[in-house]
$ cat final-v8.pdb   # PDB, C-alpha atoms
ATOM      1  CA  MET A   1    -106.241 -11.176  62.060  1.00  0.00           C
ATOM      2  CA  ALA A   2    -102.914 -12.761  61.296  1.00  0.00           C
ATOM      3  CA  SER A   3     -99.923 -10.828  62.467  1.00  0.00           C
ATOM      4  CA  ARG A   4     -97.530  -9.620  59.779  1.00  0.00           C
ATOM      5  CA  LYS A   5     -93.871 -10.546  60.096  1.00  0.00           C
ATOM      6  CA  ASN A   6     -91.223  -7.827  60.105  1.00  0.00           C
ATOM      7  CA  PRO A   7     -89.225  -8.060  56.819  1.00  0.00           C
ATOM      8  CA  LYS A   8     -86.058  -6.579  58.389  1.00  0.00           C
ATOM      9  CA  VAL A   9     -85.879  -9.359  60.946  1.00  0.00           C
ATOM     10  CA  ASP A  10     -86.228 -12.019  58.216  1.00  0.00           C
ATOM     11  CA  LEU A  11     -83.382 -10.516  56.198  1.00  0.00           C
ATOM     12  CA  ARG A  12     -81.063 -10.484  59.181  1.00  0.00           C
ATOM     13  CA  LEU A  13     -81.823 -14.126  59.930  1.00  0.00           C
ATOM     14  CA  ARG A  14     -81.314 -15.157  56.330  1.00  0.00           C
ATOM     15  CA  TYR A  15     -78.033 -13.192  56.074  1.00  0.00           C
ATOM     16  CA  LYS A  16     -76.548 -15.008  59.036  1.00  0.00           C
ATOM     17  CA  LYS A  17     -77.675 -18.374  57.737  1.00  0.00           C
ATOM     18  CA  THR A  18     -76.279 -17.641  54.280  1.00  0.00           C
ATOM     19  CA  ILE A  19     -72.889 -16.705  55.658  1.00  0.00           C
ATOM     20  CA  GLU A  20     -72.738 -19.764  57.880  1.00  0.00           C
ATOM     21  CA  LEU A  21     -73.710 -22.020  54.980  1.00  0.00           C
ATOM     22  CA  ALA A  22     -71.070 -20.456  52.708  1.00  0.00           C
ATOM     23  CA  LEU A  23     -68.357 -20.914  55.306  1.00  0.00           C
ATOM     24  CA  ILE A  24     -69.308 -24.526  55.810  1.00  0.00           C
ATOM     25  CA  ILE A  25     -69.224 -25.211  52.078  1.00  0.00           C
ATOM     26  CA  ALA A  26     -65.828 -23.474  51.724  1.00  0.00           C
ATOM     27  CA  LEU A  27     -64.313 -25.463  54.566  1.00  0.00           C
ATOM     28  CA  ALA A  28     -65.654 -28.679  53.112  1.00  0.00           C
ATOM     29  CA  LEU A  29     -64.134 -27.890  49.732  1.00  0.00           C
ATOM     30  CA  LEU A  30     -60.756 -27.108  51.286  1.00  0.00           C
ATOM     31  CA  ILE A  31     -60.772 -30.381  53.216  1.00  0.00           C
ATOM     32  CA  ILE A  32     -61.630 -32.329  50.079  1.00  0.00           C
ATOM     33  CA  ILE A  33     -58.841 -30.580  48.094  1.00  0.00           C
ATOM     34  CA  PHE A  34     -56.219 -31.291  50.786  1.00  0.00           C
ATOM     35  CA  GLN A  35     -57.300 -34.892  51.042  1.00  0.00           C
ATOM     36  CA  GLY A  36     -57.147 -35.234  47.259  1.00  0.00           C
ATOM     37  CA  PHE A  37     -53.517 -34.034  47.072  1.00  0.00           C
ATOM     38  CA  LYS A  38     -52.478 -36.558  49.681  1.00  0.00           C
ATOM     39  CA  ARG A  39     -53.754 -39.409  47.547  1.00  0.00           C
ATOM     40  CA  PHE A  40     -51.431 -38.614  44.644  1.00  0.00           C
ATOM     41  CA  ASP A  41     -48.362 -40.828  44.542  1.00  0.00           C
ATOM     42  CA  ARG A  42     -45.166 -38.932  44.245  1.00  0.00           C
ATOM     43  CA  ASN A  43     -43.048 -41.064  41.999  1.00  0.00           C
ATOM     44  CA  VAL A  44     -39.477 -39.971  42.394  1.00  0.00           C
ATOM     45  CA  ARG A  45     -37.455 -40.768  39.326  1.00  0.00           C
ATOM     46  CA  LYS A  46     -33.950 -41.840  39.860  1.00  0.00           C
ATOM     47  CA  VAL A  47     -31.415 -40.170  37.632  1.00  0.00           C
ATOM     48  CA  GLU A  48     -29.261 -42.718  35.962  1.00  0.00           C
ATOM     49  CA  LYS A  49     -25.565 -42.245  36.218  1.00  0.00           C
ATOM     50  CA  ILE A  50     -24.031 -41.062  32.987  1.00  0.00           C
ATOM     51  CA  ASP A  51     -20.478 -42.009  32.243  1.00  0.00           C
ATOM     52  CA  LEU A  52     -18.653 -39.076  30.722  1.00  0.00           C
ATOM     53  CA  GLU A  53     -15.215 -39.475  29.267  1.00  0.00           C
ATOM     54  CA  ILE A  54     -13.130 -36.337  29.313  1.00  0.00           C
ATOM     55  CA  ASN A  55     -10.141 -36.389  27.014  1.00  0.00           C
ATOM     56  CA  VAL A  56      -7.468 -33.921  27.966  1.00  0.00           C
ATOM     57  CA  GLU A  57      -5.117 -33.113  25.130  1.00  0.00           C
ATOM     58  CA  LYS A  58      -1.619 -32.154  25.890  1.00  0.00           C
ATOM     59  CA  ILE A  59      -0.876 -28.649  24.641  1.00  0.00           C
ATOM     60  CA  GLU A  60       2.685 -27.940  23.775  1.00  0.00           C
ATOM     61  CA  GLN A  61       4.138 -25.104  25.708  1.00  0.00           C
ATOM     62  CA  THR A  62       5.074 -22.160  23.552  1.00  0.00           C
ATOM     63  CA  GLU A  63       8.297 -20.370  24.118  1.00  0.00           C
ATOM     64  CA  GLN A  64       8.310 -16.625  23.950  1.00  0.00           C
ATOM     65  CA  GLN A  65      11.188 -15.218  22.007  1.00  0.00           C
ATOM     66  CA  LYS A  66      13.374 -13.056  24.107  1.00  0.00           C
ATOM     67  CA  ARG A  67      14.116  -9.657  22.711  1.00  0.00           C
ATOM     68  CA  ALA A  68      17.655  -8.523  22.366  1.00  0.00           C
ATOM     69  CA  PRO A  69      18.698  -6.295  25.234  1.00  0.00           C
ATOM     70  CA  ALA A  70      18.835  -2.589  24.528  1.00  0.00           C
ATOM     71  CA  PRO A  71      22.294  -1.244  23.837  1.00  0.00           C
ATOM     72  CA  SER A  72      23.956   0.220  26.851  1.00  0.00           C
ATOM     73  CA  ARG A  73      24.423   3.923  27.071  1.00  0.00           C
ATOM     74  CA  PRO A  74      27.905   5.187  26.275  1.00  0.00           C
ATOM     75  CA  SER A  75      29.917   5.779  29.332  1.00  0.00           C
ATOM     76  CA  ILE A  76      31.027   9.276  30.157  1.00  0.00           C
ATOM     77  CA  PRO A  77      34.813   9.552  30.321  1.00  0.00           C
ATOM     78  CA  ILE A  78      35.987  10.388  33.786  1.00  0.00           C
ATOM     79  CA  GLU A  79      39.395  11.823  34.467  1.00  0.00           C
ATOM     80  CA  SER A  80      41.576   9.350  36.258  1.00  0.00           C
ATOM     81  CA  GLU A  81      43.498  10.292  39.353  1.00  0.00           C
ATOM     82  CA  ASP A  82      46.331   7.857  38.569  1.00  0.00           C
ATOM     83  CA  GLU A  83      49.530   9.744  37.676  1.00  0.00           C
ATOM     84  CA  ASP A  84      51.155   6.756  35.891  1.00  0.00           C
ATOM     85  CA  ILE A  85      48.933   7.052  32.804  1.00  0.00           C
ATOM     86  CA  PRO A  86      50.954   8.355  29.826  1.00  0.00           C
ATOM     87  CA  GLU A  87      49.900  11.590  28.234  1.00  0.00           C
ATOM     88  CA  ASP A  88      48.143  11.621  24.851  1.00  0.00           C
ATOM     89  CA  ALA A  89      50.442  11.795  21.861  1.00  0.00           C
ATOM     90  CA  THR A  90      50.199  14.951  19.773  1.00  0.00           C
ATOM     91  CA  ILE A  91      50.794  15.301  16.025  1.00  0.00           C
ATOM     92  CA  GLU A  92      53.223  17.904  14.996  1.00  0.00           C
ATOM     93  CA  THR A  93      51.957  20.590  12.624  1.00  0.00           C
ATOM     94  CA  THR A  94      53.236  20.389   9.054  1.00  0.00           C
ATOM     95  CA  ASP A  95      53.390  23.092   6.434  1.00  0.00           C
ATOM     96  CA  ILE A  96      51.904  22.246   3.012  1.00  0.00           C
ATOM     97  CA  ASP A  97      53.158  24.113  -0.016  1.00  0.00           C
ATOM     98  CA  LEU A  98      50.173  24.529  -2.337  1.00  0.00           C
ATOM     99  CA  THR A  99      52.325  26.002  -5.092  1.00  0.00           C
ATOM    100  CA  GLU A 100      53.731  22.569  -5.918  1.00  0.00           C
ATOM    101  CA  LEU A 101      50.299  21.121  -6.725  1.00  0.00           C
ATOM    102  CA  PRO A 102      49.406  20.847 -10.432  1.00  0.00           C
ATOM    103  CA  PRO A 103      46.737  23.235 -11.737  1.00  0.00           C
ATOM    104  CA  PRO A 104      43.180  21.879 -11.891  1.00  0.00           C
ATOM    105  CA  PRO A 105      42.039  20.509 -15.255  1.00  0.00           C
ATOM    106  CA  PRO A 106      39.933  22.828 -17.420  1.00  0.00           C
ATOM    107  CA  PRO A 107      36.149  22.285 -17.321  1.00  0.00           C
ATOM    108  CA  PRO A 108      34.823  20.062 -20.113  1.00  0.00           C
ATOM    109  CA  GLN A 109      33.427  21.925 -23.054  1.00  0.00           C
ATOM    110  CA  ASP A 110      29.802  21.230 -23.841  1.00  0.00           C
ATOM    111  CA  GLU A 111      29.446  19.705 -27.269  1.00  0.00           C
ATOM    112  CA  LEU A 112      26.825  21.142 -29.560  1.00  0.00           C
ATOM    113  CA  ASP A 113      23.780  18.906 -29.505  1.00  0.00           C
ATOM    114  CA  GLU A 114      21.773  19.080 -32.678  1.00  0.00           C
ATOM    115  CA  SER A 115      18.730  17.784 -30.793  1.00  0.00           C
ATOM    116  CA  ALA A 116      18.579  20.946 -28.672  1.00  0.00           C
ATOM    117  CA  GLN A 117      15.920  22.282 -31.072  1.00  0.00           C
ATOM    118  CA  ILE A 118      17.150  25.860 -30.900  1.00  0.00           C
ATOM    119  CA  PHE A 119      14.849  28.163 -32.793  1.00  0.00           C
ATOM    120  CA  VAL A 120      16.506  29.864 -35.759  1.00  0.00           C
ATOM    121  CA  ALA A 121      14.747  32.764 -37.423  1.00  0.00           C
ATOM    122  CA  TYR A 122      14.367  32.415 -41.195  1.00  0.00           C
ATOM    123  CA  ASP A 123      12.831  34.395 -43.991  1.00  0.00           C
ATOM    124  CA  GLU A 124      11.851  31.420 -46.162  1.00  0.00           C
ATOM    125  CA  PRO A 125      10.724  28.138 -44.526  1.00  0.00           C
ATOM    126  CA  PRO A 126      11.989  24.789 -45.799  1.00  0.00           C
ATOM    127  CA  ALA A 127       9.735  23.173 -48.373  1.00  0.00           C
ATOM    128  CA  PRO A 128       9.668  19.734 -50.014  1.00  0.00           C
ATOM    129  CA  ILE A 129      10.378  19.659 -53.723  1.00  0.00           C
ATOM    130  CA  GLY A 130       7.080  18.785 -55.347  1.00  0.00           C
ATOM    131  CA  GLY A 131       5.063  20.140 -52.405  1.00  0.00           C
ATOM    132  CA  PHE A 132       3.619  18.351 -49.414  1.00  0.00           C
ATOM    133  CA  GLY A 133       1.535  16.260 -51.771  1.00  0.00           C
ATOM    134  CA  ALA A 134       4.748  14.442 -52.732  1.00  0.00           C
ATOM    135  CA  ILE A 135       5.091  13.262 -49.145  1.00  0.00           C
ATOM    136  CA  GLN A 136       1.547  11.898 -49.189  1.00  0.00           C
ATOM    137  CA  ARG A 137       2.179  10.163 -52.528  1.00  0.00           C
ATOM    138  CA  ASN A 138       5.290   8.470 -51.175  1.00  0.00           C
ATOM    139  CA  LEU A 139       3.510   7.423 -47.994  1.00  0.00           C
ATOM    140  CA  VAL A 140       3.187   3.639 -47.587  1.00  0.00           C
ATOM    141  CA  TYR A 141       0.195   2.779 -45.430  1.00  0.00           C
ATOM    142  CA  PRO A 142       1.203   0.067 -42.901  1.00  0.00           C
ATOM    143  CA  GLU A 143      -0.750  -3.144 -43.406  1.00  0.00           C
ATOM    144  CA  ILE A 144      -1.409  -3.492 -39.652  1.00  0.00           C
ATOM    145  CA  ALA A 145      -2.886   0.001 -39.469  1.00  0.00           C
ATOM    146  CA  ARG A 146      -4.905  -0.608 -42.635  1.00  0.00           C
ATOM    147  CA  LYS A 147      -6.477  -3.799 -41.277  1.00  0.00           C
ATOM    148  CA  ALA A 148      -7.166  -2.106 -37.942  1.00  0.00           C
ATOM    149  CA  GLY A 149      -8.763   0.874 -39.684  1.00  0.00           C
ATOM    150  CA  VAL A 150      -6.371   3.387 -38.095  1.00  0.00           C
ATOM    151  CA  GLU A 151      -6.698   6.933 -39.413  1.00  0.00           C
ATOM    152  CA  GLY A 152      -5.286  10.216 -38.207  1.00  0.00           C
ATOM    153  CA  ARG A 153      -2.309  12.525 -38.369  1.00  0.00           C
ATOM    154  CA  VAL A 154       1.301  12.018 -37.355  1.00  0.00           C
ATOM    155  CA  VAL A 155       3.298  15.180 -36.620  1.00  0.00           C
ATOM    156  CA  VAL A 156       7.054  14.803 -37.143  1.00  0.00           C
ATOM    157  CA  HIS A 157       9.607  17.360 -35.969  1.00  0.00           C
ATOM    158  CA  CYS A 158      12.421  17.391 -38.560  1.00  0.00           C
ATOM    159  CA  LEU A 159      15.844  19.008 -38.568  1.00  0.00           C
ATOM    160  CA  ILE A 160      16.680  20.059 -42.131  1.00  0.00           C
ATOM    161  CA  ASP A 161      20.261  21.142 -42.771  1.00  0.00           C
ATOM    162  CA  ARG A 162      21.678  23.662 -45.222  1.00  0.00           C
ATOM    163  CA  GLN A 163      21.806  21.075 -48.035  1.00  0.00           C
ATOM    164  CA  GLY A 164      18.097  20.233 -47.663  1.00  0.00           C
ATOM    165  CA  ARG A 165      18.653  16.868 -45.985  1.00  0.00           C
ATOM    166  CA  VAL A 166      16.506  15.528 -43.139  1.00  0.00           C
ATOM    167  CA  VAL A 167      19.172  15.044 -40.493  1.00  0.00           C
ATOM    168  CA  GLN A 168      17.086  14.192 -37.434  1.00  0.00           C
ATOM    169  CA  THR A 169      13.433  13.470 -36.639  1.00  0.00           C
ATOM    170  CA  LYS A 170      11.275  13.358 -33.540  1.00  0.00           C
ATOM    171  CA  ILE A 171       7.636  12.303 -33.225  1.00  0.00           C
ATOM    172  CA  LEU A 172       5.492  15.052 -31.727  1.00  0.00           C
ATOM    173  CA  LYS A 173       2.124  13.330 -32.251  1.00  0.00           C
ATOM    174  CA  SER A 174       1.892   9.566 -32.666  1.00  0.00           C
ATOM    175  CA  LEU A 175      -0.818   7.171 -33.810  1.00  0.00           C
ATOM    176  CA  GLY A 176       0.410   4.333 -31.617  1.00  0.00           C
ATOM    177  CA  ASN A 177       2.562   1.275 -32.110  1.00  0.00           C
ATOM    178  CA  ASN A 178       1.190   0.296 -35.514  1.00  0.00           C
ATOM    179  CA  GLY A 179       3.940   1.409 -37.924  1.00  0.00           C
ATOM    180  CA  CYS A 180       2.405   4.773 -38.823  1.00  0.00           C
ATOM    181  CA  ASP A 181       5.186   6.786 -37.158  1.00  0.00           C
ATOM    182  CA  GLU A 182       7.911   4.954 -39.069  1.00  0.00           C
ATOM    183  CA  ALA A 183       5.989   5.249 -42.327  1.00  0.00           C
ATOM    184  CA  ALA A 184       5.610   9.005 -41.853  1.00  0.00           C
ATOM    185  CA  VAL A 185       9.362   9.466 -41.228  1.00  0.00           C
ATOM    186  CA  ALA A 186      10.208   7.342 -44.290  1.00  0.00           C
ATOM    187  CA  ALA A 187       7.876   9.408 -46.491  1.00  0.00           C
ATOM    188  CA  ILE A 188       9.434  12.676 -45.311  1.00  0.00           C
ATOM    189  CA  LYS A 189      12.979  11.426 -45.946  1.00  0.00           C
ATOM    190  CA  SER A 190      12.067  10.136 -49.412  1.00  0.00           C
ATOM    191  CA  VAL A 191      11.472  13.708 -50.646  1.00  0.00           C
ATOM    192  CA  LYS A 192      14.182  16.271 -51.411  1.00  0.00           C
ATOM    193  CA  TRP A 193      13.885  19.543 -49.526  1.00  0.00           C
ATOM    194  CA  LYS A 194      14.685  23.162 -50.175  1.00  0.00           C
ATOM    195  CA  PRO A 195      16.556  24.483 -47.138  1.00  0.00           C
ATOM    196  CA  ALA A 196      15.309  27.436 -45.149  1.00  0.00           C
ATOM    197  CA  LYS A 197      16.902  30.779 -45.979  1.00  0.00           C
ATOM    198  CA  GLN A 198      17.834  33.703 -43.836  1.00  0.00           C
ATOM    199  CA  ARG A 199      18.858  36.771 -45.852  1.00  0.00           C
ATOM    200  CA  ASP A 200      19.287  34.568 -48.911  1.00  0.00           C
ATOM    201  CA  LYS A 201      21.579  32.167 -47.008  1.00  0.00           C
ATOM    202  CA  PRO A 202      20.587  28.563 -46.226  1.00  0.00           C
ATOM    203  CA  VAL A 203      20.251  27.781 -42.527  1.00  0.00           C
ATOM    204  CA  LYS A 204      19.617  24.653 -40.494  1.00  0.00           C
ATOM    205  CA  VAL A 205      16.176  24.730 -38.840  1.00  0.00           C
ATOM    206  CA  TRP A 206      13.606  22.543 -37.124  1.00  0.00           C
ATOM    207  CA  VAL A 207      10.167  22.299 -38.704  1.00  0.00           C
ATOM    208  CA  ALA A 208       7.009  20.376 -37.792  1.00  0.00           C
ATOM    209  CA  ILE A 209       5.545  18.358 -40.698  1.00  0.00           C
ATOM    210  CA  PRO A 210       2.093  16.728 -40.520  1.00  0.00           C
ATOM    211  CA  VAL A 211       1.515  13.442 -42.349  1.00  0.00           C
ATOM    212  CA  VAL A 212      -2.107  12.382 -42.842  1.00  0.00           C
ATOM    213  CA  PHE A 213      -3.208   8.725 -42.776  1.00  0.00           C
ATOM    214  CA  GLN A 214      -6.604   8.279 -44.392  1.00  0.00           C
ATOM    215  CA  LEU A 215      -8.144   5.137 -45.817  1.00  0.00           C
ATOM    216  CA  LYS A 216      -9.756   5.463 -49.225  1.00  0.00           C
TER     217      LYS A 216
END
$ encode --input "final-v8.pdb" --output "structure tokens"
Amino acid sequence: MASRKNPKVDLRLRYKKTIELALIIALALLIIIFQGFKRFDRNVRKVEKIDLEINVEKIEQTEQQKRAPAPSRPSIPIESEDEDIPEDATIETTDIDLTELPPPPPPPQDELDESAQIFVAYDEPPAPIGGFGAIQRNLVYPEIARKAGVEGRVVVHCLIDRQGRVVQTKILKSLGNNGCDEAAVAAIKSVKWKPAKQRDKPVKVWVAIPVVFQLK
């Protein structure tokens, strides 16, 4: 009968042979790689010389403005030891007689300003002859305001004297620079007025009069 081979012994022999064969192949590959790198020609490129021109511009030197020196501190007076210095001159005291001076002028008297708008109580207010409708009838609508379509109310503060005359006027409420204020004042002055009365006596008073501007 044929003898059977031990499988363990065969594996050990094959393992050693496999390792030896792998090492031989690896060494051969390394030798081939090293030999291949030696064959490459190393072409060294020469760097051409580049001519560079450097232009240096002349920079003007700036001068720094010098600040004015700080003012010196005032010196402290020191008493001198020299005896030849003359003494300071003194001014003799003089007596002034205030009785000889003229008396001061009297204070100026404040003149009565009619524009002070002092309120005066009255029993009957001033009224235009013909009513306030007469003012509206005498009102001339400014052409500028008419074309611009301006409407509204102008309030005029009027000073009416004892004879029923419009002495002074001031605009309390204006419609702008379109001629309405002047037209309202002219309409008020075109009407005769009954003066205000206080205990049946005419008095001068301020009164606010509205003038309506309305396009038909």
$ closest_residue --input "final-v8.pdb" --among "A:Val155, A:Ala134, A:Lys197, A:Arg146" --to "A:Val120" --atoms "all atoms listed in the file"
A:Lys197
$ resolve_selection --input "final-v8.pdb" --expression "the PyMOL selection byres ((chain A and resi 152) around 8)" --output "VMD selection string"
chain A and resid 150 to 151 153 to 154 175 212 to 214
$ resolve_selection --input "final-v8.pdb" --expression "the PyMOL selection byres ((chain A and resi 124) around 6)" --output "number ranges by chain"
A: 122-123, 125, 196-197
$ closest_residue --input "final-v8.pdb" --among "A:Gln35, A:Ile171, A:Phe132, A:Arg73" --to "A:Leu159" --atoms "all atoms listed in the file"
A:Ile171
$ residues_around --input "final-v8.pdb" --residues "A:Ala148" --least-positions-apart "2" --cutoff "12 Å" --atoms "all atoms listed in the file" --output "PDB file with C-alpha atoms, keeping the file's coordinate frame"
ATOM      1  CA  TYR A 141       0.195   2.779 -45.430  1.00  0.00           C
ATOM      2  CA  PRO A 142       1.203   0.067 -42.901  1.00  0.00           C
ATOM      3  CA  GLU A 143      -0.750  -3.144 -43.406  1.00  0.00           C
ATOM      4  CA  ILE A 144      -1.409  -3.492 -39.652  1.00  0.00           C
ATOM      5  CA  ALA A 145      -2.886   0.001 -39.469  1.00  0.00           C
ATOM      6  CA  ARG A 146      -4.905  -0.608 -42.635  1.00  0.00           C
ATOM      7  CA  VAL A 150      -6.371   3.387 -38.095  1.00  0.00           C
ATOM      8  CA  GLU A 151      -6.698   6.933 -39.413  1.00  0.00           C
ATOM      9  CA  LEU A 175      -0.818   7.171 -33.810  1.00  0.00           C
ATOM     10  CA  GLY A 176       0.410   4.333 -31.617  1.00  0.00           C
ATOM     11  CA  ASN A 177       2.562   1.275 -32.110  1.00  0.00           C
ATOM     12  CA  ASN A 178       1.190   0.296 -35.514  1.00  0.00           C
ATOM     13  CA  GLY A 179       3.940   1.409 -37.924  1.00  0.00           C
ATOM     14  CA  CYS A 180       2.405   4.773 -38.823  1.00  0.00           C
ATOM     15  CA  LEU A 215      -8.144   5.137 -45.817  1.00  0.00           C
TER      16      LEU A 215
END
$ atom_distance --input "final-v8.pdb" --atom1 "atom CA of A:Pro126" --atom2 "atom CA of A:Val185"
16.2 Å
$ atom_distance --input "final-v8.pdb" --atom1 "atom CA of A:Gln198" --atom2 "atom CA of A:Ala121"
7.2 Å
